[in-house]
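Data block for work_15.cif (mmCIF, C-alpha atoms):
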```
data_protein
#
loop_
_atom_site.label_atom_id
_atom_site.label_comp_id
_atom_site.auth_asym_id
_atom_site.auth_seq_id
_atom_site.Cartn_x
_atom_site.Cartn_y
_atom_site.Cartn_z
CA MET A 1358 169.00 -52.04 -38.67
CA PHE A 1359 167.85 -55.06 -36.68
CA SER A 1360 164.22 -53.95 -36.83
CA LYS A 1361 164.45 -53.41 -40.60
CA VAL A 1362 165.83 -56.91 -41.15
CA ARG A 1363 163.06 -58.35 -39.03
CA ALA A 1364 160.42 -56.38 -40.97
CA VAL A 1365 161.81 -57.69 -44.27
CA LEU A 1366 161.71 -61.28 -42.99
CA ASP A 1367 158.18 -60.78 -41.66
CA ASP A 1368 156.89 -59.46 -44.98
CA GLY A 1369 158.90 -62.15 -46.75
CA PHE A 1370 157.01 -64.85 -44.84
CA ILE A 1371 153.67 -63.47 -46.10
CA VAL A 1372 155.10 -63.27 -49.62
CA GLY A 1373 156.10 -66.93 -49.29
CA LEU A 1374 152.53 -67.95 -48.50
CA VAL A 1375 151.53 -66.39 -51.82
CA PHE A 1376 154.44 -67.47 -54.00
CA ALA A 1377 153.95 -71.08 -52.94
CA LEU A 1378 151.09 -71.12 -55.45
CA PHE A 1379 153.53 -71.29 -58.36
CA LEU A 1380 156.66 -72.62 -56.61
CA ALA A 1381 154.95 -75.36 -54.53
CA GLY A 1382 157.60 -77.56 -52.88
CA LYS A 1383 160.42 -75.43 -54.30
CA ILE A 1384 159.44 -72.73 -51.81
CA VAL A 1385 160.96 -74.79 -48.97
CA PRO A 1386 164.51 -73.24 -48.94
CA TYR A 1387 162.94 -69.76 -48.96
CA LEU A 1388 160.53 -70.81 -46.22
CA VAL A 1389 163.43 -71.98 -44.07
CA VAL A 1390 165.04 -68.53 -44.35
CA VAL A 1391 161.94 -66.40 -43.70
CA GLY A 1392 159.98 -68.90 -41.59
CA VAL A 1393 162.15 -71.28 -39.60
CA VAL A 1394 165.32 -69.28 -38.91
CA PRO A 1395 163.48 -66.22 -37.50
CA ILE A 1396 161.61 -68.44 -35.04
CA VAL A 1397 164.97 -69.25 -33.43
CA ILE A 1398 166.54 -65.80 -33.78
CA PHE A 1399 163.57 -63.83 -32.47
CA TRP A 1400 162.37 -66.35 -29.88
CA ASN A 1401 163.23 -64.19 -26.86
CA LYS A 1402 161.82 -61.07 -28.51
CA SER A 1403 158.44 -62.55 -29.43
CA ASP A 1404 155.10 -62.29 -27.69
CA TYR A 1405 153.20 -65.58 -27.75
CA ALA A 1406 150.40 -64.30 -25.52
CA SER A 1407 147.29 -66.23 -26.59
CA SER A 1408 144.39 -67.36 -24.47
CA ARG A 1409 144.21 -70.99 -23.47
CA SER A 1410 140.79 -71.38 -25.06
CA ALA A 1411 142.08 -70.01 -28.39
CA ILE A 1412 145.02 -72.43 -28.36
CA LEU A 1413 142.69 -75.34 -27.60
CA ARG A 1414 140.40 -74.42 -30.50
CA PHE A 1415 143.45 -74.60 -32.73
CA ALA A 1416 145.33 -77.52 -31.21
CA LEU A 1417 142.60 -80.05 -30.46
CA PRO A 1418 141.25 -80.51 -34.02
CA ALA A 1419 144.77 -80.77 -35.43
CA ALA A 1420 145.99 -83.09 -32.66
CA GLY A 1421 142.95 -85.33 -33.03
CA TYR A 1422 143.31 -85.52 -36.80
CA PHE A 1423 147.03 -86.28 -36.91
CA ALA A 1424 146.86 -88.66 -33.95
CA PHE A 1425 144.18 -90.70 -35.69
CA CYS A 1426 146.13 -90.63 -38.99
CA LEU A 1427 149.22 -91.98 -37.26
CA LEU A 1428 147.28 -94.62 -35.34
CA LEU A 1429 145.75 -95.86 -38.59
CA LEU A 1430 149.09 -95.91 -40.34
CA VAL A 1431 150.92 -97.80 -37.60
CA PHE A 1432 148.28 -100.12 -36.18
CA TYR A 1433 145.77 -100.50 -39.01
CA PRO A 1434 147.56 -100.16 -42.36
CA GLY A 1435 145.14 -102.46 -44.17
CA LEU A 1436 147.81 -104.34 -46.13
CA GLN A 1437 147.88 -108.03 -46.90
CA ALA A 1438 150.72 -110.12 -45.51
CA GLY A 1439 153.90 -109.50 -47.49
CA GLU A 1440 152.42 -106.65 -49.48
CA LYS A 1441 154.81 -103.76 -50.13
CA PRO A 1442 153.51 -100.47 -48.61
CA PRO A 1443 152.81 -97.63 -51.06
CA ARG A 1444 154.65 -94.33 -50.69
CA ASN A 1445 151.52 -92.44 -49.68
CA PRO A 1446 150.62 -91.97 -46.91
CA ASP A 1447 153.69 -92.44 -44.75
CA LEU A 1448 155.21 -91.06 -41.57
CA GLU A 1449 157.02 -88.33 -43.51
CA LEU A 1450 153.72 -86.99 -44.85
CA TYR A 1451 152.34 -86.37 -41.37
CA ALA A 1452 155.66 -85.36 -39.74
CA ILE A 1453 156.14 -82.53 -42.25
CA ALA A 1454 152.49 -81.47 -41.90
CA ILE A 1455 152.85 -81.19 -38.12
CA ALA A 1456 156.07 -79.21 -38.59
CA MET A 1457 154.29 -76.85 -40.99
CA LEU A 1458 151.48 -76.40 -38.50
CA ALA A 1459 154.03 -75.41 -35.84
CA ILE A 1460 155.89 -73.05 -38.20
CA GLY A 1461 152.71 -71.20 -39.14
CA PHE A 1462 151.66 -71.05 -35.49
CA LEU A 1463 154.96 -69.73 -34.11
CA ARG A 1464 156.13 -67.58 -37.00
CA GLY A 1465 152.76 -65.90 -37.46
CA GLN A 1466 152.69 -64.75 -33.84
CA GLN A 1467 156.14 -63.19 -34.18
CA ILE A 1468 154.96 -60.73 -36.84
CA LYS A 1469 153.85 -57.46 -35.30
CA ASN A 1470 150.60 -56.10 -36.72
CA LEU A 1471 150.25 -59.30 -38.73
CA TYR A 1472 146.74 -58.45 -39.86
CA GLY A 1473 147.78 -55.04 -41.18
CA ARG A 1474 150.88 -56.44 -42.91
CA PHE A 1475 148.82 -59.21 -44.53
CA HIS A 1476 146.44 -56.67 -46.08
CA VAL A 1477 149.37 -54.63 -47.41
CA VAL A 1478 151.69 -57.38 -48.65
CA ALA A 1479 149.34 -60.15 -49.82
CA PRO A 1480 147.35 -58.20 -52.48
CA TRP A 1481 150.39 -57.03 -54.42
CA SER A 1482 152.07 -60.40 -53.98
CA LEU A 1483 149.02 -61.96 -55.64
CA VAL A 1484 149.30 -59.46 -58.49
CA ALA A 1485 152.96 -60.48 -58.93
CA ALA A 1486 152.02 -64.17 -58.79
CA PHE A 1487 149.37 -63.59 -61.45
CA ALA A 1488 152.03 -61.98 -63.66
CA VAL A 1489 154.23 -65.06 -63.23
CA LEU A 1490 151.37 -67.41 -64.13
CA SER A 1491 150.56 -65.23 -67.13
CA GLY A 1492 154.16 -65.57 -68.31
CA TYR A 1493 153.93 -69.35 -68.11
CA MET A 1494 150.60 -69.31 -69.95
CA PHE A 1495 151.51 -67.03 -72.85
CA LEU A 1496 155.04 -68.37 -73.29
CA GLY A 1497 153.60 -71.86 -73.64
CA ILE A 1498 155.37 -73.26 -70.56
CA ARG A 1499 152.47 -75.47 -69.53
CA ASP A 1500 151.08 -79.00 -69.67
CA SER A 1501 149.02 -78.83 -72.83
CA CYS A 1502 146.75 -75.90 -71.92
CA ARG A 1503 147.06 -76.05 -68.14
CA VAL A 1504 149.57 -73.95 -66.20
CA ARG A 1505 151.11 -75.49 -63.14
CA ALA A 1506 154.33 -73.43 -63.10
CA GLU A 1507 156.78 -75.25 -60.78
CA ALA A 1508 153.99 -77.10 -58.97
CA ALA A 1509 153.13 -80.75 -59.47
CA TRP A 1510 149.48 -80.08 -60.33
CA PRO A 1511 147.58 -77.12 -61.83
CA PHE A 1512 145.13 -77.29 -58.91
CA ILE A 1513 147.82 -75.82 -56.62
CA PRO A 1514 147.88 -72.32 -58.20
CA ALA A 1515 144.09 -72.40 -58.49
CA VAL A 1516 143.18 -73.26 -54.90
CA ILE A 1517 145.85 -71.12 -53.19
CA PHE A 1518 145.26 -68.01 -55.31
CA THR A 1519 141.51 -68.21 -54.72
CA THR A 1520 141.87 -68.90 -50.98
CA LEU A 1521 144.06 -65.85 -50.41
CA ALA A 1522 141.93 -63.61 -52.66
CA PHE A 1523 138.83 -64.46 -50.61
CA LEU A 1524 140.68 -64.01 -47.29
CA LEU A 1525 141.42 -60.42 -48.28
CA LEU A 1526 137.71 -59.66 -47.94
CA LEU A 1527 138.23 -59.52 -44.16
CA ASP A 1528 137.10 -56.21 -42.65
CA TRP A 1529 135.51 -55.16 -45.93
CA GLU A 1530 133.46 -52.50 -44.16
CA ASP A 1531 136.59 -50.69 -42.95
CA SER A 1532 138.46 -50.89 -46.26
CA SER A 1533 139.06 -47.84 -48.42
CA ARG A 1534 137.51 -47.54 -51.86
CA ARG A 1535 140.88 -48.24 -53.50
CA ALA A 1536 141.44 -51.32 -51.34
CA ARG A 1537 137.97 -52.63 -52.18
CA PHE A 1538 138.59 -52.20 -55.89
CA LEU A 1539 141.89 -54.09 -55.67
CA ARG A 1540 140.27 -56.96 -53.76
CA LEU A 1541 137.41 -57.26 -56.25
CA ALA A 1542 139.99 -57.22 -59.05
CA LEU A 1543 141.85 -60.08 -57.35
CA ILE A 1544 138.63 -62.12 -57.33
CA SER A 1545 138.40 -61.52 -61.09
CA LEU A 1546 142.02 -62.61 -61.53
CA SER A 1547 141.36 -65.72 -59.43
CA ILE A 1548 138.68 -66.74 -61.94
CA VAL A 1549 141.19 -66.29 -64.76
CA VAL A 1550 143.67 -68.48 -62.87
CA VAL A 1551 141.09 -71.18 -62.17
CA LEU A 1552 139.31 -71.27 -65.53
CA GLY A 1553 141.64 -69.61 -68.04
CA TYR A 1554 145.07 -70.78 -66.87
CA THR A 1555 144.62 -74.06 -64.99
CA GLY A 1556 141.23 -75.42 -66.09
CA SER A 1557 140.59 -76.57 -62.51
CA ARG A 1558 136.93 -77.49 -62.66
CA GLY A 1559 136.54 -78.72 -59.10
CA VAL A 1560 138.08 -75.52 -57.74
CA ALA A 1561 135.85 -73.52 -60.11
CA VAL A 1562 132.71 -75.15 -58.69
CA ALA A 1563 133.97 -74.35 -55.18
CA GLN A 1564 134.84 -70.79 -56.18
CA PHE A 1565 131.40 -70.03 -57.58
CA GLY A 1566 129.80 -71.81 -54.62
CA VAL A 1567 131.62 -69.50 -52.22
CA LEU A 1568 130.74 -66.43 -54.29
CA ALA A 1569 127.06 -67.46 -54.31
CA THR A 1570 127.13 -67.94 -50.53
CA PHE A 1571 128.62 -64.48 -50.03
CA MET A 1572 125.80 -63.04 -52.14
CA LEU A 1573 123.17 -64.83 -50.06
CA LEU A 1574 124.74 -63.71 -46.79
CA ARG A 1575 124.75 -60.12 -48.05
CA LEU A 1576 120.93 -60.26 -48.05
CA SER A 1577 120.93 -60.60 -44.25
CA ARG A 1578 120.86 -57.43 -42.15
CA LYS A 1579 123.65 -58.89 -40.02
CA PHE A 1580 126.04 -58.72 -42.99
CA LEU A 1581 124.76 -55.47 -44.49
CA ALA A 1582 127.72 -53.31 -45.57
CA ALA A 1583 130.15 -55.82 -44.03
CA LEU A 1584 130.52 -57.81 -47.27
CA PRO A 1585 130.69 -56.83 -50.96
CA THR A 1586 127.29 -56.35 -52.56
CA ALA A 1587 125.85 -58.96 -54.90
CA ASN A 1588 126.36 -56.57 -57.81
CA GLU A 1589 130.02 -56.11 -56.92
CA LEU A 1590 130.61 -59.85 -56.71
CA LEU A 1591 128.68 -60.49 -59.93
CA ALA A 1592 130.69 -57.81 -61.69
CA SER A 1593 133.96 -59.35 -60.47
CA ALA A 1594 132.89 -62.78 -61.66
CA ALA A 1595 131.74 -61.41 -65.02
CA VAL A 1596 135.02 -59.54 -65.56
CA GLY A 1597 137.00 -62.67 -64.70
CA MET A 1598 135.04 -64.80 -67.14
CA LEU A 1599 135.30 -62.17 -69.88
CA LEU A 1600 139.08 -62.02 -69.38
CA CYS A 1601 139.21 -65.75 -70.09
CA LEU A 1602 138.05 -65.08 -73.65
CA PRO A 1603 141.15 -63.15 -74.84
CA VAL A 1604 143.31 -65.76 -73.08
CA GLN A 1605 141.56 -68.42 -75.12
CA ALA A 1606 141.93 -66.41 -78.33
CA ALA A 1607 145.64 -65.71 -77.79
CA THR A 1608 146.64 -69.24 -76.76
CA GLY A 1609 144.10 -71.43 -78.54
CA CYS A 1610 143.29 -73.07 -75.22
CA ASN A 1611 139.66 -73.63 -74.29
CA ASN A 1612 140.06 -74.31 -70.57
CA PHE A 1613 137.00 -72.15 -70.02
CA GLY A 1614 135.01 -74.68 -72.05
CA ARG A 1615 136.00 -77.55 -69.73
CA LEU A 1616 133.65 -76.33 -67.01
CA PRO A 1617 130.27 -77.52 -68.37
CA ALA A 1618 131.43 -81.15 -68.42
CA VAL A 1619 131.75 -81.17 -64.63
CA PHE A 1620 127.98 -81.13 -64.36
CA ASP A 1621 127.97 -84.62 -65.91
CA ILE A 1622 128.88 -85.78 -62.39
CA PHE A 1623 125.56 -84.52 -61.10
CA GLY A 1624 123.66 -85.59 -64.20
CA ASN A 1625 125.04 -89.13 -63.93
CA ALA A 1626 124.98 -89.37 -60.15
CA TYR A 1627 123.14 -92.67 -60.42
CA ALA A 1628 126.37 -94.23 -61.69
CA ILE A 1629 128.08 -93.55 -58.37
CA ASP A 1630 125.79 -96.00 -56.65
CA ALA A 1631 125.97 -98.55 -59.43
CA GLU A 1632 127.92 -101.79 -59.33
CA ALA A 1633 131.63 -101.14 -59.81
CA PRO A 1634 132.78 -101.43 -63.44
CA THR A 1635 134.28 -104.77 -64.35
CA ASP A 1636 136.84 -103.63 -66.90
CA GLY A 1637 140.39 -102.83 -65.90
CA ALA A 1638 142.78 -104.56 -63.54
CA LYS A 1639 141.49 -106.78 -60.74
CA PRO A 1640 142.78 -106.52 -57.18
CA GLY A 1641 145.09 -109.20 -55.93
CA THR A 1642 147.20 -110.00 -58.98
CA ALA A 1643 150.97 -110.05 -58.82
CA VAL A 1644 151.39 -106.97 -60.97
CA GLN A 1645 149.20 -104.99 -58.62
CA ILE A 1646 151.12 -105.98 -55.51
CA GLU A 1647 154.33 -104.80 -57.19
CA THR A 1648 152.87 -101.70 -58.79
CA ASN A 1649 155.54 -99.04 -59.42
CA GLU A 1650 155.35 -95.59 -60.92
CA GLY A 1651 155.62 -96.80 -64.52
CA GLN A 1652 152.94 -99.43 -64.06
CA GLY A 1653 150.76 -96.83 -62.33
CA VAL A 1654 150.98 -94.64 -65.43
CA ALA A 1655 150.03 -97.62 -67.59
CA LEU A 1656 147.05 -98.41 -65.38
CA ARG A 1657 145.88 -94.80 -65.52
CA ALA A 1658 146.18 -94.76 -69.30
CA GLU A 1659 144.22 -98.01 -69.57
CA ALA A 1660 141.52 -96.72 -67.22
CA GLU A 1661 141.28 -93.45 -69.16
CA ARG A 1662 140.92 -95.30 -72.47
CA ALA A 1663 138.15 -97.45 -71.03
CA ALA A 1664 136.42 -94.35 -69.62
CA ALA A 1665 136.75 -92.48 -72.91
CA GLN A 1666 134.88 -95.27 -74.68
CA ARG A 1667 131.88 -94.67 -72.42
CA SER A 1668 131.99 -90.85 -72.20
CA GLY A 1669 133.29 -87.80 -73.97
CA ASP A 1670 135.10 -86.74 -70.80
CA PRO A 1671 137.16 -89.61 -69.34
CA SER A 1672 138.14 -87.51 -66.29
CA ILE A 1673 134.50 -87.31 -65.19
CA THR A 1674 133.80 -90.96 -65.96
CA LEU A 1675 136.91 -92.09 -64.08
CA ARG A 1676 135.79 -90.19 -61.01
CA LEU A 1677 132.39 -91.84 -61.15
CA ASP A 1678 134.04 -95.25 -61.50
CA MET A 1679 136.36 -94.64 -58.54
CA TRP A 1680 133.52 -93.30 -56.41
CA ALA A 1681 131.41 -96.37 -57.20
CA VAL A 1682 134.25 -98.68 -56.16
CA SER A 1683 134.83 -96.60 -53.02
CA ILE A 1684 131.18 -96.65 -51.96
CA LYS A 1685 131.12 -100.41 -52.37
CA ALA A 1686 134.20 -100.66 -50.12
CA ILE A 1687 132.67 -98.29 -47.54
CA ARG A 1688 129.58 -100.49 -47.24
CA GLU A 1689 131.82 -103.41 -46.34
CA ALA A 1690 133.51 -101.55 -43.43
CA PRO A 1691 131.56 -98.37 -42.61
CA PHE A 1692 132.80 -97.60 -39.09
CA PHE A 1693 136.58 -98.07 -39.18
CA GLY A 1694 137.26 -98.53 -42.88
CA HIS A 1695 139.81 -100.82 -44.48
CA GLY A 1696 143.03 -99.27 -43.14
CA ALA A 1697 145.35 -96.35 -43.85
CA LEU A 1698 146.94 -97.91 -46.95
CA SER A 1699 143.90 -99.75 -48.27
CA LEU A 1700 143.48 -97.40 -51.24
CA ARG A 1701 146.43 -99.30 -52.73
CA SER A 1702 144.36 -102.40 -53.44
CA ILE A 1703 140.99 -100.67 -53.80
CA ILE A 1704 141.93 -97.76 -56.10
CA GLN A 1705 145.60 -97.63 -57.10
CA ASP A 1706 145.94 -101.21 -58.32
CA ARG A 1707 142.82 -100.81 -60.40
CA PHE A 1708 142.97 -97.26 -61.73
CA GLY A 1709 146.61 -96.22 -61.19
CA PHE A 1710 145.78 -93.25 -58.92
CA GLU A 1711 146.97 -92.84 -55.31
CA HIS A 1712 143.54 -91.60 -54.19
CA ASN A 1713 139.92 -91.77 -55.30
CA HIS A 1714 139.49 -88.06 -56.12
CA ASN A 1715 137.10 -87.39 -53.24
CA GLN A 1716 138.50 -86.56 -49.80
CA TYR A 1717 135.37 -87.61 -47.94
CA LEU A 1718 135.31 -91.01 -49.63
CA SER A 1719 139.05 -91.34 -48.95
CA TRP A 1720 138.46 -90.80 -45.24
CA LEU A 1721 135.55 -93.25 -45.22
CA VAL A 1722 137.40 -95.97 -47.14
CA THR A 1723 140.54 -95.83 -45.02
CA GLY A 1724 139.16 -94.98 -41.56
CA GLY A 1725 135.39 -95.14 -41.79
CA ILE A 1726 132.96 -92.79 -40.10
CA VAL A 1727 135.44 -92.19 -37.27
CA PHE A 1728 138.06 -90.81 -39.68
CA LEU A 1729 135.43 -88.71 -41.45
CA CYS A 1730 134.51 -87.05 -38.15
CA PHE A 1731 138.14 -86.22 -37.35
CA GLY A 1732 138.65 -84.96 -40.89
CA LEU A 1733 135.61 -82.67 -40.81
CA LEU A 1734 136.69 -81.23 -37.45
CA PHE A 1735 140.14 -80.51 -38.90
CA LEU A 1736 138.59 -78.92 -41.97
CA PHE A 1737 136.38 -76.66 -39.83
CA THR A 1738 139.30 -75.34 -37.75
CA PRO A 1739 139.09 -71.87 -39.42
CA TYR A 1740 135.55 -71.51 -38.09
CA LEU A 1741 136.72 -72.40 -34.59
CA LEU A 1742 139.63 -69.95 -34.86
CA SER A 1743 137.29 -67.12 -35.83
CA TYR A 1744 135.55 -67.15 -32.44
CA GLY A 1745 135.39 -63.61 -31.06
CA LEU A 1746 135.36 -61.90 -34.47
CA PRO A 1747 132.38 -60.09 -36.04
CA PRO A 1748 129.97 -62.34 -37.99
CA ALA A 1749 131.14 -61.09 -41.39
CA ASN A 1750 134.79 -61.87 -40.64
CA ARG A 1751 133.82 -65.31 -39.32
CA ALA A 1752 131.97 -65.93 -42.57
CA VAL A 1753 134.93 -64.80 -44.68
CA LEU A 1754 137.41 -67.00 -42.80
CA THR A 1755 135.15 -70.04 -42.91
CA LEU A 1756 134.11 -69.74 -46.55
CA SER A 1757 137.60 -68.83 -47.82
CA VAL A 1758 139.19 -71.96 -46.39
CA THR A 1759 136.65 -74.50 -45.14
CA GLY A 1760 134.09 -73.65 -47.82
CA LEU A 1761 136.46 -73.45 -50.77
CA TRP A 1762 138.61 -76.45 -49.88
CA GLY A 1763 135.61 -78.41 -48.64
CA ILE A 1764 133.71 -78.13 -51.93
CA ALA A 1765 136.83 -78.65 -54.04
CA MET A 1766 137.59 -81.84 -52.12
CA VAL A 1767 134.41 -83.40 -53.47
CA PHE A 1768 136.46 -83.78 -56.67
CA ASP A 1769 139.99 -84.33 -55.31
CA SER A 1770 141.55 -85.76 -52.13
CA PHE A 1771 143.71 -82.74 -51.32
CA LEU A 1772 144.43 -83.66 -47.70
CA SER A 1773 145.67 -87.08 -48.75
CA LEU A 1774 148.45 -85.55 -50.86
CA ASP A 1775 151.67 -84.04 -49.56
CA PHE A 1776 151.77 -80.44 -50.76
CA TYR A 1777 148.10 -79.70 -50.12
CA LEU A 1778 148.17 -81.15 -46.60
CA HIS A 1779 151.42 -79.33 -45.81
CA TYR A 1780 150.18 -75.99 -47.12
CA PHE A 1781 146.80 -76.36 -45.41
CA SER A 1782 148.61 -77.05 -42.12
CA LEU A 1783 150.90 -74.04 -42.56
CA LEU A 1784 147.87 -71.90 -43.41
CA LEU A 1785 146.00 -73.02 -40.28
CA GLY A 1786 148.93 -72.01 -38.09
CA PHE A 1787 149.10 -68.66 -39.86
CA LEU A 1788 145.34 -68.15 -39.47
CA PHE A 1789 145.61 -68.77 -35.73
CA ALA A 1790 148.08 -65.89 -35.48
CA LEU A 1791 146.02 -63.73 -37.85
CA THR A 1792 142.77 -64.20 -35.95
CA SER A 1793 144.52 -63.70 -32.58
CA ASP A 1794 145.91 -60.40 -33.86
CA MET A 1795 142.46 -59.35 -35.10
CA VAL A 1796 140.81 -60.19 -31.77
CA ARG A 1797 143.48 -58.27 -29.82
CA ALA A 1798 143.14 -55.27 -32.13
CA LYS A 1799 139.37 -55.12 -31.70
CA ARG A 1800 139.17 -56.00 -28.00
CA PRO A 1801 139.63 -52.47 -26.59
CA GLN A 1802 136.95 -51.10 -28.89
CA ASN A 1803 134.55 -53.91 -28.00
CA GLU A 1804 135.14 -53.42 -24.28
CA CYS A 1805 134.47 -49.69 -24.63
CA ASN A 1806 131.20 -50.44 -26.31
#
```
Can the structure in the file be given as structure tokens, please?
Amino acid sequence: MFSKVRAVLDDGFIVGLVFALFLAGKIVPYLVVVGVVPIVIFWNKSDYASSRSAILRFALPAAGYFAFCLLLLVFYPGLQAGEKPPRNPDLELYAIAIAMLAIGFLRGQQIKNLYGRFHVVAPWSLVAAFAVLSGYMFLGIRDSCRVRAEAAWPFIPAVIFTTLAFLLLLDWEDSSRRARFLRLALISLSIVVVLGYTGSRGVAVAQFGVLATFMLLRLSRKFLAALPTANELLASAAVGMLLCLPVQAATGCNNFGRLPAVFDIFGNAYAIDAEAPTDGAKPGTAVQIETNEGQGVALRAEAERAAAQRSGDPSITLRLDMWAVSIKAIREAPFFGHGALSLRSIIQDRFGFEHNHNQYLSWLVTGGIVFLCFGLLFLFTPYLLSYGLPPANRAVLTLSVTGLWGIAMVFDSFLSLDFYLHYFSLLLGFLFALTSDMVRAKRPQNECN
């Protein structure tokens, strides 16, 4: 009986990693039951045997990143005297992220045969999650034409679904024909989620970038038979894009058609380096110092109207405007930035957004080149965790997380926002346990060879 309860809780934790894509922060009570409570109950019955080098590869990037974030926040906030601090970032943001990192780290190592359970539970959990998102889409429970379910932003279902679908390509060479078909089908469904349901253009660019990289790697003899073929990946992508067409016909939503406009960013890249636009609010006025949520909405609306007058896609134009302002600020303080909360006066008081829709520019503005280095090291933690695995599995881990999130963060500052940072931290802890289990499982075979 005890072992059955533990097995249910173990599988439930993996299910929670998936269902967070449509529940977002509302997954917390469930996570406490299947994630936090078992850590205490099963503490004496758990095996936390991991090499010191593996723990250091996990702990050092995270410790360096969060330590620098906290140092910036406490000792270099970048606020003017008497200025009211914004709500983001704050100590709670980083405290919860560190807790999530610990939960993923400890809970993942408690699950016996974690790697095997992940490959059994996660695929069908993604199918169930897709059914939930489909219900929201076809019942019209969405923001205009973009499904976010219970999440704050539609990017949440898009980036999590795609991340987990790509992670299931691990050990492709040893997968059965049925398992391969299911995993390729999940890639197709991820395209439907990204393009058809959520219209997440930045995630779509990252998704196709990762797919293209997999195809290129498949040309190398080192990855021969260890990754899906180019034809298989192309077929999955084609099926996903074709499935977007009936979604569009049934709902009248043309999210699929939003994708071409993203290339305006590259076509108008010269604007990023141009002088910052002069319309809109100016930093330093009283209304900006006292900006609240309602005034932030008004500023966003005003910025969007001004952008719409100059472009057919105000979302793209706004990003270019914010990037131009950010680059100008970076040139003024390139090494240590303007302080942890400086986006308040540089971006929020002008455009009404908490961040500048580019994680790398966010790091540079607030903490300069030093913060960018810590951020990149944190982002590349999956690559460090994959040490000791075959090259194909290292590629899958790195591209599924670092590659996908890294490209998507050209368009959005995910790690500056609460849910994304918290989920990414939880995922890193889980990946430590997953890779440790994979290395242990393969070690006897490798030693025999």
| query | Within 8 Å of Pro1748 in chain A, counting only C-alpha atoms, which residues qualify if same-chain residues fewer than 4 places away don't, as a VMD selection string? | reply | chain A and resid 1579 to 1580 1752
Name the residues within 12 Å of (142.2, -88.8, -54.2), counting only C-alpha atoms in the file's coordinates, and put them as JSON, numbers by chain. {"A": [1445, 1446, 1675, 1676, 1679, 1680, 1683, 1700, 1701, 1703, 1704, 1705, 1708, 1709, 1710, 1711, 1712, 1713, 1714, 1715, 1716, 1717, 1718, 1719, 1720, 1722, 1723, 1765, 1766, 1767, 1768, 1769, 1770, 1771, 1772, 1773, 1774, 1775, 1777]}
### Using all atoms listed in the file: which of A:Ile1468, A:Leu1733, A:Leu1378, A:Ala1749 has the shortest distance to Ala1485 in chain A
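Answer, going by the shortest atom-to-atom distance: A:Leu1378.
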Using all atoms listed in the file, the shortest atom-to-atom distance to Cys1502 in chain A among A:Ala1697, A:Val1604, A:Leu1526, A:Val1375 belongs to A:Val1604
Item checked: Surrounding residues of range 1757-1763 of chain A excluding itself and chain neighbours under 3 positions, 8 Å, all atoms listed in the file, as a count of residues only -> 20
Please expand the PyMOL selection byres ((chain A and resi 1728) around 12) into the concrete residues it hits in this file, giving the result as a VMD selection string.
chain A and resid 1421 to 1429 1691 to 1697 1716 to 1727 1729 to 1735
Given the file shown, determine the residues that the PyMOL selection byres ((chain A and resi 1554) around 8) selects; report them as a ChimeraX atom specification.
-> /A:1490-1491,1494,1502-1504,1549-1553,1555-1556,1612
Within 12 Å of Lys1402 in chain A, counting all atoms listed in the file, which residues qualify if same-chain residues fewer than 5 places away don't, as a list of chain:residue names?
->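 The filter keeps A:Phe1359, A:Ser1360, A:Arg1363, A:Pro1395, A:Ile1396, A:Val1397, A:Gln1466, A:Gln1467, A:Ile1468, A:Lys1469.
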Writing N, CA, C and O atoms and nothing else, produce range 1385-1391 of chain A as a JSON list (two decimals), in the first residue's frame.
```json
[["chain", "number", "residue", "atom", "x", "y", "z"],
["A", 1385, "VAL", "N", 0.10, 25.40, -7.75],
["A", 1385, "VAL", "CA", 0.87, 25.40, -6.50],
["A", 1385, "VAL", "C", 0.28, 24.47, -5.43],
["A", 1385, "VAL", "O", 1.03, 23.67, -4.84],
["A", 1386, "PRO", "N", -1.03, 24.51, -5.12],
["A", 1386, "PRO", "CA", -1.55, 23.58, -4.09],
["A", 1386, "PRO", "C", -1.30, 22.12, -4.46],
["A", 1386, "PRO", "O", -0.93, 21.31, -3.60],
["A", 1387, "TYR", "N", -1.47, 21.78, -5.72],
["A", 1387, "TYR", "CA", -1.20, 20.42, -6.19],
["A", 1387, "TYR", "C", 0.28, 20.10, -6.04],
["A", 1387, "TYR", "O", 0.64, 19.00, -5.62],
["A", 1388, "LEU", "N", 1.14, 21.08, -6.37],
["A", 1388, "LEU", "CA", 2.58, 20.86, -6.27],
["A", 1388, "LEU", "C", 3.00, 20.63, -4.82],
["A", 1388, "LEU", "O", 3.92, 19.84, -4.55],
["A", 1389, "VAL", "N", 2.34, 21.30, -3.90],
["A", 1389, "VAL", "CA", 2.65, 21.08, -2.48],
["A", 1389, "VAL", "C", 2.37, 19.64, -2.08],
["A", 1389, "VAL", "O", 3.16, 19.00, -1.38],
["A", 1390, "VAL", "N", 1.26, 19.09, -2.59],
["A", 1390, "VAL", "CA", 0.86, 17.72, -2.23],
["A", 1390, "VAL", "C", 1.80, 16.69, -2.85],
["A", 1390, "VAL", "O", 2.25, 15.76, -2.17],
["A", 1391, "VAL", "N", 2.11, 16.84, -4.14],
["A", 1391, "VAL", "CA", 2.90, 15.80, -4.83],
["A", 1391, "VAL", "C", 4.39, 16.12, -4.84],
["A", 1391, "VAL", "O", 5.20, 15.25, -5.18]]
```
